Amino acid sequence: MFLADELYPVLNLEELEQRVVVLTKPLADFYRENALVCLSNQQHSTGCPMLARFNDESYGFVLRWAGKVDARMERCYRDLVQATEYAACAIGLLLVENLTEFVGVEQAARGTTVDYYLAYKDDDDDLPFNHAARLEVTGILAETDHNTIQKRITAKKRRHKPEQDLPTLVVVVEFGEPKAVLEEI
Amino acid sequence: MSTVRSLHKQAMELAQQALVWRHKGDLENAAENARHAFELEAQAVDLLPQQKEAEPTLAILCQSAASLALQGGEFDKAQRYAARGLAGYPPPNLARDLLQLLEDISFQAALRREGLRLEDEELELSFKGPAVGFGTIFYKDFINRIQKATELIDRTVQRLMGSMYQRQGRPAKEFRPFTPILSTPQPGSFAVTVRLGSRVGEMLPLFPKAEDVIDNVLNGIELVNEAREDELRTLIKDEAYFVNFVSLTREMAPDGERISTIQFRTRKRLVPLERIREGIEIPHVEESEKPETLEEVVLKGVLDFATSRKGESEIGLTTDDGTEYEIEVKEGLDDLVRSHYGSHVEVAGTLAVRGSKRHLLLADISETDS
C-alpha cells in the first residue's frame with residue numbers, strides 16, 4: 001500500500017538528528033541504521049505506512065528513509081534482538097516528537113544504555129529532570145502470540161507503579177506491520 | 001561558568017559516543033569515552049545540593065555518573081556515586097534502580113578481582129513441564145541439566161582448541177579460557193542465563209570466541225534433537241568427544257514426564273531439545289578383549305568406589321546384595337558417570353566375567369529414587 005506524503009505526516013529517519021536535538025550524529029546514525037535493518041528484515045521499503053495509537057486515538061504516518069541495508073550493516077547488526085531495541089528508539093523518539101506535547105528530550109546513562117526523559121516545559125533552572133517524565137521505549141521485531149505490544153505494556157506497568165514513580169510514557173514499536181502504541185502509565 | 005545542564009549535556013555527548021564504540025566492538029575507546037563522560041557528570045552532580053528540592057535530578061544524575069564510571073571500569077567511583085544517589089531523597093523506583101546498580105557494581109568488581117570479564121554472548125536455558133512452575137523448578141530437575149550444559153561448553157572449548165580428550169583431572173589452564181556465570185532466573189517457565197567470563201588480557205587469537213563455542217554447542221544439540229547423530233559425527237570427528245557430546249545432551253534431555261522441553265536461546269537462534277532421554281542412544285561401545293562369559297544386564301546399587309591404580313577400573317558398583325562390580329567407562333562417558341558418583345543408580349551394560357572379576361561395560365546409567 002502506498003500512502004501519499006500529503007495525506008499523512010512523514011516520519012523521516014533521515015531527520016532524526018534534527019528532530020531530536022539531544023542526539024549526536026553518531027548515535028542518530030546508529031539508531032537509523034538499526035531501524036533500516038529491522039524494517040528491511042520485515043520486507044518494508046521506504047514510503048511504507050505506519051499506524052500509531054496514543055490516548056485511544058489512531059494516527060497514520062508514512063515512514064521514509066534513504067539508502068538500503070548493505071552487507072556491512074547486516075554484519076554489524078546481526079543481533080536482531082538488540083537491533084530491534086535501538087531501532088525502536090529511532091521511531092519512538094520521532095513519534096513522541098510528533099504526537100505529544102512534551103517540549104524536549106533529556107537523557108541520562110543507565111547501565112550501558114541511554115535512558116530518555118521528556119520535559120513538560122522549557123525550564124531554565126539547573127535541574128533538568130525536575131519537571132520531567134520518564135520515556136521507556138522498547139521494540140518487537142514481529143508480534144507473536146507470546147510477544148505482543150499489549151504484553152510489553154503490561155510488563156512496563158508492573159515495573160513502574162505510578163504512585164511511586166515519575167510519570168512514565170511507554171512506547172512500543174512493532175516492525176512486522178509496522179505499528180506503535182504510546183501509553184502513559 | 002559551567003552549569004549542571006551544560007556539564008550534563010557534554011557528558012551525554014560522550015556517553016552516546018561510548019555506546020556507539022561499544023557496539024562497534026572498540027571496548028577501549030568506549031571505556032575511554034565513558035571515563036571522560038563520568039568526569040563531567042560527576043562535576044554536574046557536585047554542583048547540586050544534597051536536598052529534597054534537587055530530586056529527582058540528583059538521583060538521576062548520580063545513577064548516570066555511576067553507570068558511566070562502571071562502563072569505564074572505575075568501580076570505586078561508581079560505588080561512591082550510586083551510594084550518593086541513595087543517600088539523597090530518590091523516588092522509590094529510582095532508589096530500586098540505584099540499589100540494583102550497586103549490586104551490579106559489586107559483581108563487576110568481583111569479576112575484576114578474579115581477573116575476568118563477561119563476554120557478551122548469552123545462552124538462555126528454559127525448562128517446561130509439570131516439574132516447572134512460574135519461576136520455580138524442582139532442584140533435581142534443574143541442577144543436573146545445568147551442570148551438563150556447562151560441561152558441554154567446556155568440552156566444546158577443548159575440542160575446538162584441538163586438545164586431546166582428557167578423561168581425568170582438570171584440563172590445563174590454557175584449555176579453560178571461560179568461566180561459566182549464571183544470571184538471575186527469568187520467571188515464566190523457568191529460565192536461567194549462562195554467560196561466559198573470560199580472563200582479562202588473556203584471550204589469545206587461538207582461543208575460540210564465546211559466540212562460536214555456544215553456536216557449536218547449539219549445532220550439536222539441534223542434530224541430536226533431530227536424531228541426526230550421523231551428521232553430528234561428521235561435525236565431531238573425535239570418537240571420545242562425540243560420545244561425550246551425545247551422552248551429555250542425553251542427560252539434559254527431557255524425561256517426558258517431569259520435563260517436556262528444554263529450549264536453548266541466544267540472541268540469534270532458538271534450539272529446542274524435545275527428544276526424550278530414553279530415545280537417545282549412547283553410541284555403541286566396542287569390546288576389545290574376549291571375556292569368559294557375556295551377558296546384557298541391568299543392575300541397581302551404589303556407585304561407590306574408585307581406585308586410581310593404573311590399569312584398573314576407576315569406578316565400581318556395589319549392588320543391593322553386596323556384590324561388587326568394576327565398571328568400565330568408555331572415553332566420552334566419564335563426565336556422565338562422574339556426576340552420579342556416590343548415588344544409588346541403575347546401570348545397564350554388558351557383564352563380562354573374567355575369573356573372579358565382574359566387569360560391566362557401561363551402556364547407560366541413571367539415578368534411582370531410593
# chains A, B, ... in the order shown; residues from 1 in each chain; ligands from 1

$ interface_residues --of "chain A" --to "chain B" --cutoff "10 Å" --atoms "only C-alpha atoms" --output "number ranges by chain"
A: 22-31, 76-82, 106-115, 124-132, 159-166

$ write_last_selection --atoms "C-alpha atoms" --output "CSV table (one decimal), in the first residue's frame"
chain,number,residue,atom,x,y,z
A,22,VAL,CA,19.9,15.7,22.1
A,23,LEU,CA,21.0,13.0,19.7
A,24,THR,CA,24.6,13.4,18.4
A,25,LYS,CA,25.2,12.5,14.8
A,26,PRO,CA,26.9,9.2,15.6
A,27,LEU,CA,24.0,8.0,17.8
A,28,ALA,CA,21.4,9.2,15.4
A,29,ASP,CA,23.1,7.3,12.5
A,30,PHE,CA,23.4,4.3,14.7
A,31,TYR,CA,19.7,4.3,15.6
A,76,CYS,CA,27.1,-5.1,12.2
A,77,TYR,CA,23.5,-5.6,13.3
A,78,ARG,CA,23.0,-9.3,13.1
A,79,ASP,CA,21.9,-9.5,16.7
A,80,LEU,CA,18.3,-8.6,15.8
A,81,VAL,CA,17.0,-8.6,19.4
A,82,GLN,CA,19.4,-5.8,20.2
A,106,GLU,CA,16.6,14.8,28.2
A,107,GLN,CA,18.8,11.8,28.6
A,108,ALA,CA,20.9,10.0,31.2
A,109,ALA,CA,23.1,7.0,31.3
A,110,ARG,CA,21.7,3.8,32.8
A,111,GLY,CA,23.7,0.6,32.7
A,112,THR,CA,25.2,0.5,29.3
A,113,THR,CA,22.4,2.3,27.6
A,114,VAL,CA,20.9,5.8,27.5
A,115,ASP,CA,17.6,6.5,29.2
A,124,ASP,CA,15.7,27.4,32.6
A,125,ASP,CA,16.6,26.2,36.1
A,126,ASP,CA,19.5,24.0,36.6
A,127,LEU,CA,17.6,20.9,37.5
A,128,PRO,CA,16.9,19.3,34.1
A,129,PHE,CA,14.9,16.3,35.4
A,130,ASN,CA,12.7,18.0,38.0
A,131,HIS,CA,9.8,18.6,35.7
A,132,ALA,CA,10.3,15.5,33.5
A,159,ARG,CA,7.6,-2.4,36.8
A,160,HIS,CA,6.5,1.3,37.2
A,161,LYS,CA,4.0,1.7,40.0
A,162,PRO,CA,2.7,5.2,39.2
A,163,GLU,CA,2.2,6.3,42.8
A,164,GLN,CA,5.9,5.6,43.4
A,165,ASP,CA,7.5,6.8,40.2
A,166,LEU,CA,8.0,9.6,37.8

$ select_by_dssp --residues "segment 19-185 of chain A" --states "alpha helix (DSSP H)" --output "ChimeraX atom specification"
/A:19,25-41,71-76,80-99,149-159

$ residues_around --residues "segment 151-156 of chain A" --least-positions-apart "4" --cutoff "8 Å" --atoms "only C-alpha atoms" --output "ChimeraX atom specification"
/A:147,160,170,172,183

$ select_by_dssp --residues "segment 60-231 of chain B" --states "strand (DSSP E or B)" --output "PyMOL selection string"
chain B and resi 116-128+132-133+136-137+178-187+190-199

$ write_last_selection --atoms "C-alpha atoms" --output "mmCIF file, in the first residue's frame"
data_model
loop_
_atom_site.group_PDB
_atom_site.id
_atom_site.type_symbol
_atom_site.label_atom_id
_atom_site.label_comp_id
_atom_site.auth_asym_id
_atom_site.auth_seq_id
_atom_site.Cartn_x
_atom_site.Cartn_y
_atom_site.Cartn_z
ATOM 1 C CA LEU B 116 37.531 -11.992 34.499
ATOM 2 C CA ARG B 117 35.319 -10.054 32.192
ATOM 3 C CA LEU B 118 31.880 -11.050 30.944
ATOM 4 C CA GLU B 119 31.576 -11.984 27.294
ATOM 5 C CA ASP B 120 28.552 -10.510 25.530
ATOM 6 C CA GLU B 121 27.190 -13.841 24.315
ATOM 7 C CA GLU B 122 24.469 -15.386 26.470
ATOM 8 C CA LEU B 123 22.819 -18.782 26.423
ATOM 9 C CA GLU B 124 19.399 -18.963 27.995
ATOM 10 C CA LEU B 125 18.057 -22.348 29.065
ATOM 11 C CA SER B 126 14.350 -22.507 29.694
ATOM 12 C CA PHE B 127 12.561 -25.528 31.080
ATOM 13 C CA LYS B 128 8.971 -26.591 30.546
ATOM 14 C CA VAL B 132 8.246 -26.401 36.428
ATOM 15 C CA GLY B 133 6.152 -23.633 37.947
ATOM 16 C CA THR B 136 10.265 -22.317 40.126
ATOM 17 C CA ILE B 137 11.582 -25.783 39.389
ATOM 18 C CA PHE B 178 35.982 -19.329 30.058
ATOM 19 C CA THR B 179 34.319 -19.428 33.441
ATOM 20 C CA PRO B 180 30.570 -20.078 33.409
ATOM 21 C CA ILE B 181 28.460 -17.499 35.242
ATOM 22 C CA LEU B 182 24.768 -17.961 35.918
ATOM 23 C CA SER B 183 22.462 -14.976 35.885
ATOM 24 C CA THR B 184 19.108 -14.465 37.576
ATOM 25 C CA PRO B 185 16.397 -16.962 36.749
ATOM 26 C CA GLN B 186 13.744 -15.474 34.498
ATOM 27 C CA PRO B 187 10.198 -16.313 35.526
ATOM 28 C CA PHE B 190 11.881 -21.439 34.347
ATOM 29 C CA ALA B 191 14.842 -19.955 32.605
ATOM 30 C CA VAL B 192 18.403 -19.140 33.520
ATOM 31 C CA THR B 193 21.075 -17.454 31.503
ATOM 32 C CA VAL B 194 24.593 -18.828 31.250
ATOM 33 C CA ARG B 195 27.236 -16.238 30.475
ATOM 34 C CA LEU B 196 30.914 -16.802 29.985
ATOM 35 C CA GLY B 197 33.597 -14.893 31.813
ATOM 36 C CA SER B 198 36.994 -14.711 30.152
ATOM 37 C CA ARG B 199 40.297 -13.780 31.737
#

$ residues_around --residues "Ile262 of chain B" --least-positions-apart "5" --cutoff "12 Å" --atoms "only C-alpha atoms" --output "short mmCIF file (atom, residue, chain, number, x, y, z; two decimals) with N, CA and C atoms, in the first residue's frame"
data_model
loop_
_atom_site.label_atom_id
_atom_site.label_comp_id
_atom_site.auth_asym_id
_atom_site.auth_seq_id
_atom_site.Cartn_x
_atom_site.Cartn_y
_atom_site.Cartn_z
N GLU B 124 20.50 -18.80 27.04
CA GLU B 124 19.40 -18.96 27.99
C GLU B 124 18.85 -20.38 27.89
N LEU B 125 18.68 -21.02 29.02
CA LEU B 125 18.06 -22.35 29.07
C LEU B 125 16.71 -22.20 29.73
N SER B 126 15.65 -22.57 29.03
CA SER B 126 14.35 -22.51 29.69
C SER B 126 13.72 -23.90 29.72
N PHE B 127 13.09 -24.19 30.82
CA PHE B 127 12.56 -25.53 31.08
C PHE B 127 11.04 -25.48 31.11
N LYS B 128 10.43 -26.51 30.51
CA LYS B 128 8.97 -26.59 30.55
C LYS B 128 8.56 -28.00 30.93
N GLY B 129 7.45 -28.10 31.64
CA GLY B 129 6.96 -29.42 32.02
C GLY B 129 6.31 -29.36 33.39
N VAL B 132 7.87 -27.81 36.51
CA VAL B 132 8.25 -26.40 36.43
C VAL B 132 7.03 -25.53 36.74
N ASP B 141 15.59 -31.59 38.99
CA ASP B 141 15.34 -31.50 37.54
C ASP B 141 16.20 -30.41 36.90
N PHE B 142 16.69 -29.51 37.74
CA PHE B 142 17.45 -28.38 37.23
C PHE B 142 18.96 -28.61 37.30
N ARG B 145 20.98 -30.82 34.88
CA ARG B 145 20.96 -30.34 33.49
C ARG B 145 21.86 -29.12 33.31
N ILE B 146 21.86 -28.26 34.29
CA ILE B 146 22.70 -27.05 34.14
C ILE B 146 24.18 -27.43 34.24
N ALA B 149 25.10 -28.78 30.92
CA ALA B 149 25.23 -27.70 29.91
C ALA B 149 26.62 -27.06 30.02
N SER B 189 8.33 -19.72 32.28
CA SER B 189 8.52 -21.12 32.59
C SER B 189 9.61 -21.09 33.66
N PHE B 190 10.75 -21.68 33.44
CA PHE B 190 11.88 -21.44 34.35
C PHE B 190 13.08 -21.31 33.44
N ALA B 191 13.72 -20.18 33.52
CA ALA B 191 14.84 -19.95 32.60
C ALA B 191 16.01 -19.33 33.34
N VAL B 192 17.20 -19.78 33.00
CA VAL B 192 18.40 -19.14 33.52
C VAL B 192 19.30 -18.80 32.33
N ILE B 221 23.38 -29.87 19.60
CA ILE B 221 22.11 -30.19 20.28
C ILE B 221 20.99 -30.30 19.25
N GLU B 222 21.01 -29.40 18.27
CA GLU B 222 19.98 -29.43 17.22
C GLU B 222 20.01 -30.77 16.48
N ASN B 225 18.70 -33.51 18.71
CA ASN B 225 17.24 -33.37 18.85
C ASN B 225 16.52 -33.93 17.63
N THR B 249 24.22 -34.49 26.20
CA THR B 249 22.94 -33.99 25.67
C THR B 249 21.80 -34.88 26.13
N ARG B 250 22.07 -36.17 26.15
CA ARG B 250 21.06 -37.13 26.60
C ARG B 250 20.69 -36.87 28.06
N GLU B 251 21.68 -36.56 28.87
CA GLU B 251 21.42 -36.29 30.29
C GLU B 251 20.58 -35.02 30.48
N MET B 252 20.74 -34.07 29.56
CA MET B 252 19.96 -32.84 29.66
C MET B 252 18.55 -33.03 29.11
N ALA B 253 18.37 -34.00 28.25
CA ALA B 253 17.11 -34.14 27.51
C ALA B 253 15.92 -34.34 28.45
N PRO B 254 14.72 -33.96 27.99
CA PRO B 254 13.52 -34.15 28.82
C PRO B 254 13.26 -35.62 29.12
N ASP B 255 12.68 -35.87 30.27
CA ASP B 255 12.30 -37.25 30.58
C ASP B 255 10.89 -37.55 30.08
N GLY B 256 10.19 -36.50 29.63
CA GLY B 256 8.85 -36.69 29.08
C GLY B 256 7.76 -36.69 30.13
N LEU B 270 17.06 -20.06 18.37
CA LEU B 270 16.38 -20.81 19.42
C LEU B 270 16.44 -22.28 19.02
N VAL B 271 16.98 -23.11 19.90
CA VAL B 271 17.07 -24.54 19.62
C VAL B 271 16.33 -25.31 20.71
N PRO B 272 15.26 -26.00 20.35
CA PRO B 272 14.57 -26.80 21.37
C PRO B 272 15.21 -28.18 21.51
N LEU B 273 15.15 -28.72 22.70
CA LEU B 273 15.54 -30.12 22.90
C LEU B 273 14.29 -30.81 23.42
N GLU B 274 13.61 -31.52 22.51
CA GLU B 274 12.33 -32.14 22.85
C GLU B 274 12.40 -33.66 22.81
N ARG B 275 13.49 -34.15 22.25
CA ARG B 275 13.63 -35.61 22.12
C ARG B 275 13.80 -36.19 23.53
N ILE B 276 13.01 -37.24 23.80
CA ILE B 276 13.02 -37.82 25.14
C ILE B 276 14.34 -38.56 25.38
N ARG B 277 14.80 -38.43 26.62
CA ARG B 277 16.09 -39.01 27.01
C ARG B 277 16.22 -40.48 26.58
#

$ atom_distance --atom1 "atom CA of Arg258 of chain B" --atom2 "atom CA of Asn219 of chain B"
25.3 Å

$ residues_around --residues "Pro130 of chain B" --least-positions-apart "6" --cutoff "9 Å" --atoms "only C-alpha atoms" --output "ChimeraX atom specification"
/B:257-260

$ atom_distance --atom1 "atom CA of Asp335 of chain B" --atom2 "atom CA of Asp154 of chain B"
11.1 Å

$ atom_distance --atom1 "atom CA of Thr368 of chain B" --atom2 "atom CA of Asn144 of chain B"
13.9 Å
